[in-house]
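Asker: Have a look at this one before I ask anything.
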Amino acid sequence: MTPPPSDPAAPPVTGAALAARIRAGELTAVAATQRALAQLDALNPALNCFIDTFPDQSLARAATIDKARADGAPLGPLAGVPIALKDNMCLSWGRTTCASKMLADYRSPYTLTAGQRLIDAGAIIVGKANMDEFAMGSSGESSFFGPTRNPLDHSRVPGGSSSGSAAAVAADIVPVALGSDTGGSIRQPAGLSGVVGMKPTYGRVSRYGLVAYASSLDQIGPLARTVEDCALILETICGVDPADGTTADLPAPSLLATLNDPIDRPVIGVPKQAHDPHNHPGVVNALGDAIDAFVRMGARIVEVDLAHVAHGIAAYYLVASAEASSNLARFDGVRYGHRATLQPGDELLDLYCKSRAEGFGPEVQRRIMLGTYALSSGYADAYYNTALKVRRLIRRDYDSAFAPNDRMGTPACDAILMPSSPSPAFKLGEKTSDPLAMYLEDVYTVTVNLAGLPAITLPGTPTTVDGVSLPVGMQLIGRAFDEPRLLRIARMLELAGGNRP
Amino acid sequence: MPADADPSLPGPLTDATVRKVASLARLAIADDHVALYQHQLSDVLKYIERLRTLDLEGVEPLTHAGDTLNRMRDDEVGPMLTNADAIALAPESTGPFIKVPKVIGDGGGA
């Protein structure tokens with residue numbers, strides 16, 4: 001069997017199209033995998049979007065898919081589609097590092113549920129994507145393995161924390177990747193890198209095998225070049241999992257079947273707070289264009305008041321850091337991970353404290369300390385419990401927007417539209433010395449995690465900065481567990497916009 | 001200011017507070033990093049002060065976005081991590097045990 005030669009100059013092919021061609025026998029899984037590996041070899045030295053790659057296993061697995069097809073066996077919906085997984089996802093082969101020195105040599109004994117579902121559907125996992133250490137960051141720069149660069153401008157960040165997943169898709173190394181989103185870590189890098197990224201409803205996708213950052217917020221989701229590919233991946237990975245008690249016991253929704261059915265005169269809520277004068281002009285322009293596109297489609301645009309968006313970052317960093325300080329307590333140098341070399345006289349406590357100080361990078365240590373402080377005796381009420389009350393108010397803001405407003409005479413929103421971040425991709429190093437400036441990057445994404453809602457970012461009108469066209473992400477937020485409607489609306493905007501950078 | 005907030009909180013984040021928090025967090029931070037963490041964490045805490053402008057009287061804390069509280073299931077034995085697989089991950093081990101510095105006095109052994 002001779003695979004057709006791969007053509008690196010060919011336009012990007014989506015995961016759905018690739019799977020269809022492989023099913024039809026127009027392309028082999030081996031050829032599709034070879035192309036991804038060739039792209040990876042050519043581009044990764046400059047982009048640094050992968051921490052580990054599996055060329056031999058990938059090709060061997062692709063060959064089994066080609067053989068299955070030749071034998072007439074049924075193929076899964078993702079048969080032969082190359083995919084990258086963020087490196088906070090456990091596989092029973094290779095390393096799972098979380099981009100941390102703490103886990104630089106960690107080899108997981110098991111595979112995450114979402115990854116196993118992709119494998120069962122025929123996807124080929126070609127490698128583990130770079131990320132901010134323990135998913136803490138908004139630029140990819142906190143990785144122990146060095147920053148990932150934005151494929152559209154190597155002097156800029158791809159966003160984070162799913163930096164490698166976004167860059168690998170944007171650079172056409174793989175058509176689809178998995179990321180995780182605790183406060184925007186799928187949607188913000190998707191926006192800065194010009195791809196589509198989706199955070200499902202909290203409870204929609206199993207986190208079994210995802211290294212925990214903030215357990216009441218974390219959710220796994222897809223990054224891809226099209227809304228259709230996001231639907232394809234989400235349909236594959238979602239659904240209840242006995243190994244994760246937080247997964248919702250609901251039937252897995254059919255997402256692809258209805259994707260191309262437009263919603264008649266959808267009601268699109270635009271928060272007052274999305275019109276922030278501090279937003280980059282390119283973001284202001286893209287938001288205006290997205291609103292215009294919906295108006296042309298017959299949508300009704302209503303203003304909604306997410307009054308507590310301005311308090312989202314403060315509440316988020318308290319809640320997320322508090323949960324992180326607890327979740328990351330398990331990394332103590334005893335059972336796995338980095339262990340410090342001890343000096344004579346050192347005791348068990350020294351082993352904990354030295355291993356953690358050596359193994360965690362500065363941002364992780366900052367968040368652990370912030371969380372420890374926020375939970376400590378005498379401060380928990382002033383910080384942690386206050387943040388949880390604000391979280392309730394944020395949830396109420398969204399609940400109001402998704403219900404009819406009798407006083408204003410406005411109907412319930414089908415989706416809420418706002419940018420995914422206040423500015424396009426920034427320069428490497430621009431925000432690394434000022435943690436708070438980096439945190440403010442997440443102003444439009446964190447409230448969605450606090451409320452547990454599904455949201456998707458897709459490319460809006462690009463903007464030109466220093467002579468380079470940069471993508472601008474537009475975010476649509478949906479009702480809890482109504483991913484089918486959210487994806488249909490996202491598909492409408494995608495068709496109307498056509499904003500591939 | 002909400003009724004339940006203690007107006008004396010938070011105090012300024014002192015050098016000693018940073019050291020205390022690091023110790024609670026089991027982080028052996030270097031002396032020359034204390035000032036930097038103090039500065040950066042103070043910035044973040046100052047920003048967080050904006051939460052105190054909200055009236056939170058009577059608002060119930062929201063700990064979790066999901067509706068699921070407890071999910072009951074049968075207690076059945078499933079595939080488990082074997083001792084050998086677990087020990088293989090440990091930085092130091094001896095036989096089927098993970099090795100750590102002595103936690104009991106001389107002669108106690110670990």
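Within each chain, counting starts at residue 1; across the structure tokens, chains are named A, B, ... in the order shown, with ligands numbered 1 upward in that order.
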With a cut-off of 7 Å and counting only C-alpha atoms, select all residues of chain B in contact with chain A and give the selection as a PyMOL selection string.

Answerer: chain B and resi 5+21-22+25-29+41+44+47-48+51+56+59-66+68+71+85+89-91+98+100-103

Asker: Between atom CA of Leu192 of chain A and atom CA of Gly159 of chain A, measure the distance and give it in Å to one decimal.

Answerer: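 Rounded to one decimal, the two atoms are 5.8 Å apart.
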
Asker: Could you find all residues in segment 139-234 of chain A that DSSP calls alpha helix (DSSP H) from the backbone, and write them as a short mmCIF file (atom, residue, chain, number, x, y, z; two decimals) with N, CA, C and O atoms, in the first residue's frame?

Answerer:
data_model
loop_
_atom_site.label_atom_id
_atom_site.label_comp_id
_atom_site.auth_asym_id
_atom_site.auth_seq_id
_atom_site.Cartn_x
_atom_site.Cartn_y
_atom_site.Cartn_z
N SER A 163 -1.77 26.87 25.18
CA SER A 163 -0.97 27.57 24.17
C SER A 163 -0.57 26.66 23.03
O SER A 163 -0.70 27.01 21.86
N GLY A 164 -0.08 25.47 23.36
CA GLY A 164 0.39 24.55 22.32
C GLY A 164 -0.77 24.00 21.50
O GLY A 164 -0.64 23.82 20.28
N SER A 165 -1.90 23.73 22.16
CA SER A 165 -3.07 23.21 21.44
C SER A 165 -3.53 24.23 20.40
O SER A 165 -3.83 23.88 19.25
N ALA A 166 -3.59 25.52 20.81
CA ALA A 166 -4.04 26.56 19.89
C ALA A 166 -3.04 26.74 18.75
O ALA A 166 -3.42 26.84 17.58
N ALA A 167 -1.74 26.78 19.09
CA ALA A 167 -0.73 27.01 18.06
C ALA A 167 -0.65 25.84 17.08
O ALA A 167 -0.48 26.04 15.87
N ALA A 168 -0.80 24.61 17.59
CA ALA A 168 -0.70 23.44 16.71
C ALA A 168 -1.84 23.42 15.70
O ALA A 168 -1.66 23.00 14.54
N VAL A 169 -3.02 23.87 16.11
CA VAL A 169 -4.15 23.93 15.18
C VAL A 169 -3.97 25.12 14.22
O VAL A 169 -4.14 24.99 13.01
N ALA A 170 -3.58 26.26 14.78
CA ALA A 170 -3.41 27.46 13.93
C ALA A 170 -2.33 27.25 12.87
O ALA A 170 -2.43 27.76 11.76
N ARG A 187 -10.58 29.31 25.31
CA ARG A 187 -11.18 30.37 24.47
C ARG A 187 -10.22 31.53 24.20
O ARG A 187 -10.19 32.07 23.11
N GLN A 188 -9.43 31.92 25.21
CA GLN A 188 -8.51 33.05 25.01
C GLN A 188 -7.41 32.70 24.01
O GLN A 188 -7.17 33.46 23.07
N PRO A 189 -6.73 31.54 24.13
CA PRO A 189 -5.73 31.22 23.10
C PRO A 189 -6.36 30.97 21.73
O PRO A 189 -5.73 31.28 20.71
N ALA A 190 -7.58 30.41 21.69
CA ALA A 190 -8.24 30.26 20.39
C ALA A 190 -8.40 31.64 19.75
O ALA A 190 -8.11 31.83 18.57
N GLY A 191 -8.82 32.62 20.55
CA GLY A 191 -9.01 33.98 20.03
C GLY A 191 -7.71 34.60 19.55
O GLY A 191 -7.65 35.19 18.48
N LEU A 192 -6.65 34.45 20.34
CA LEU A 192 -5.37 35.07 19.99
C LEU A 192 -4.66 34.36 18.84
O LEU A 192 -3.79 34.93 18.19
N SER A 193 -5.04 33.10 18.58
CA SER A 193 -4.39 32.33 17.53
C SER A 193 -5.27 32.17 16.28
O SER A 193 -4.84 31.57 15.30
N VAL A 227 -16.32 25.30 13.48
CA VAL A 227 -17.34 24.97 14.47
C VAL A 227 -17.73 23.50 14.34
O VAL A 227 -17.94 22.79 15.33
N GLU A 228 -17.79 23.03 13.08
CA GLU A 228 -18.17 21.63 12.86
C GLU A 228 -17.19 20.67 13.55
O GLU A 228 -17.61 19.68 14.17
N ASP A 229 -15.90 20.95 13.44
CA ASP A 229 -14.92 20.07 14.09
C ASP A 229 -15.05 20.11 15.61
O ASP A 229 -14.85 19.10 16.28
N CYS A 230 -15.38 21.29 16.15
CA CYS A 230 -15.60 21.36 17.60
C CYS A 230 -16.78 20.47 17.98
O CYS A 230 -16.73 19.75 18.99
N ALA A 231 -17.85 20.52 17.18
CA ALA A 231 -19.03 19.69 17.45
C ALA A 231 -18.67 18.21 17.35
O ALA A 231 -19.09 17.39 18.19
N LEU A 232 -17.88 17.88 16.35
CA LEU A 232 -17.47 16.48 16.14
C LEU A 232 -16.68 15.95 17.35
O LEU A 232 -16.93 14.85 17.85
N ILE A 233 -15.73 16.74 17.82
CA ILE A 233 -14.91 16.31 18.95
C ILE A 233 -15.75 16.27 20.22
O ILE A 233 -15.68 15.30 21.00
N LEU A 234 -16.55 17.31 20.44
CA LEU A 234 -17.33 17.34 21.68
C LEU A 234 -18.33 16.17 21.73
O LEU A 234 -18.51 15.54 22.77
#

Asker: Using only C-alpha atoms, can you tell me which of A:Gln273, A:Thr410, A:Thr111, A:Ser162 comes closest to Gly179 of chain A?

Answerer: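 Looking only at the distances to Gly179 of chain A, the closest residue turns out to be A:Ser162.
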
Asker: Smallest atom-to-atom distance to Pro404 of chain A: which of A:Pro459, A:Gly282, A:Pro344, A:Gly269, using only C-alpha atoms?

Answerer: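 Using only C-alpha atoms, Pro404 of chain A sits closest to A:Gly269.
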
Asker: Can you tell me which residues surround Ile87 of chain B at a distance of at most 7 Å, considering only C-alpha atoms, apart from same-chain residues fewer than 3 positions away, and format the answer as a list of chain:residue names?

Answerer: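 The contact residues come out as B:Asn83, B:Ala84, B:Ala90, B:Ser93, B:Pro96, B:Phe97, B:Ile98.
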
Asker: Which value, in Å to one decimal, gives the distance between atom CA of Ser421 of chain A and atom CA of Gly473 of chain A?

Answerer: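 One can read the atom CA of Ser421 of chain A to atom CA of Gly473 of chain A distance as 7.0 Å.
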
Asker: Please list as a PyMOL selection string every residue within 10 Å of Asp264 of chain A, counting only C-alpha atoms and excluding residues in the same chain fewer than 5 positions away.

Answerer: chain A and resi 297-299+489
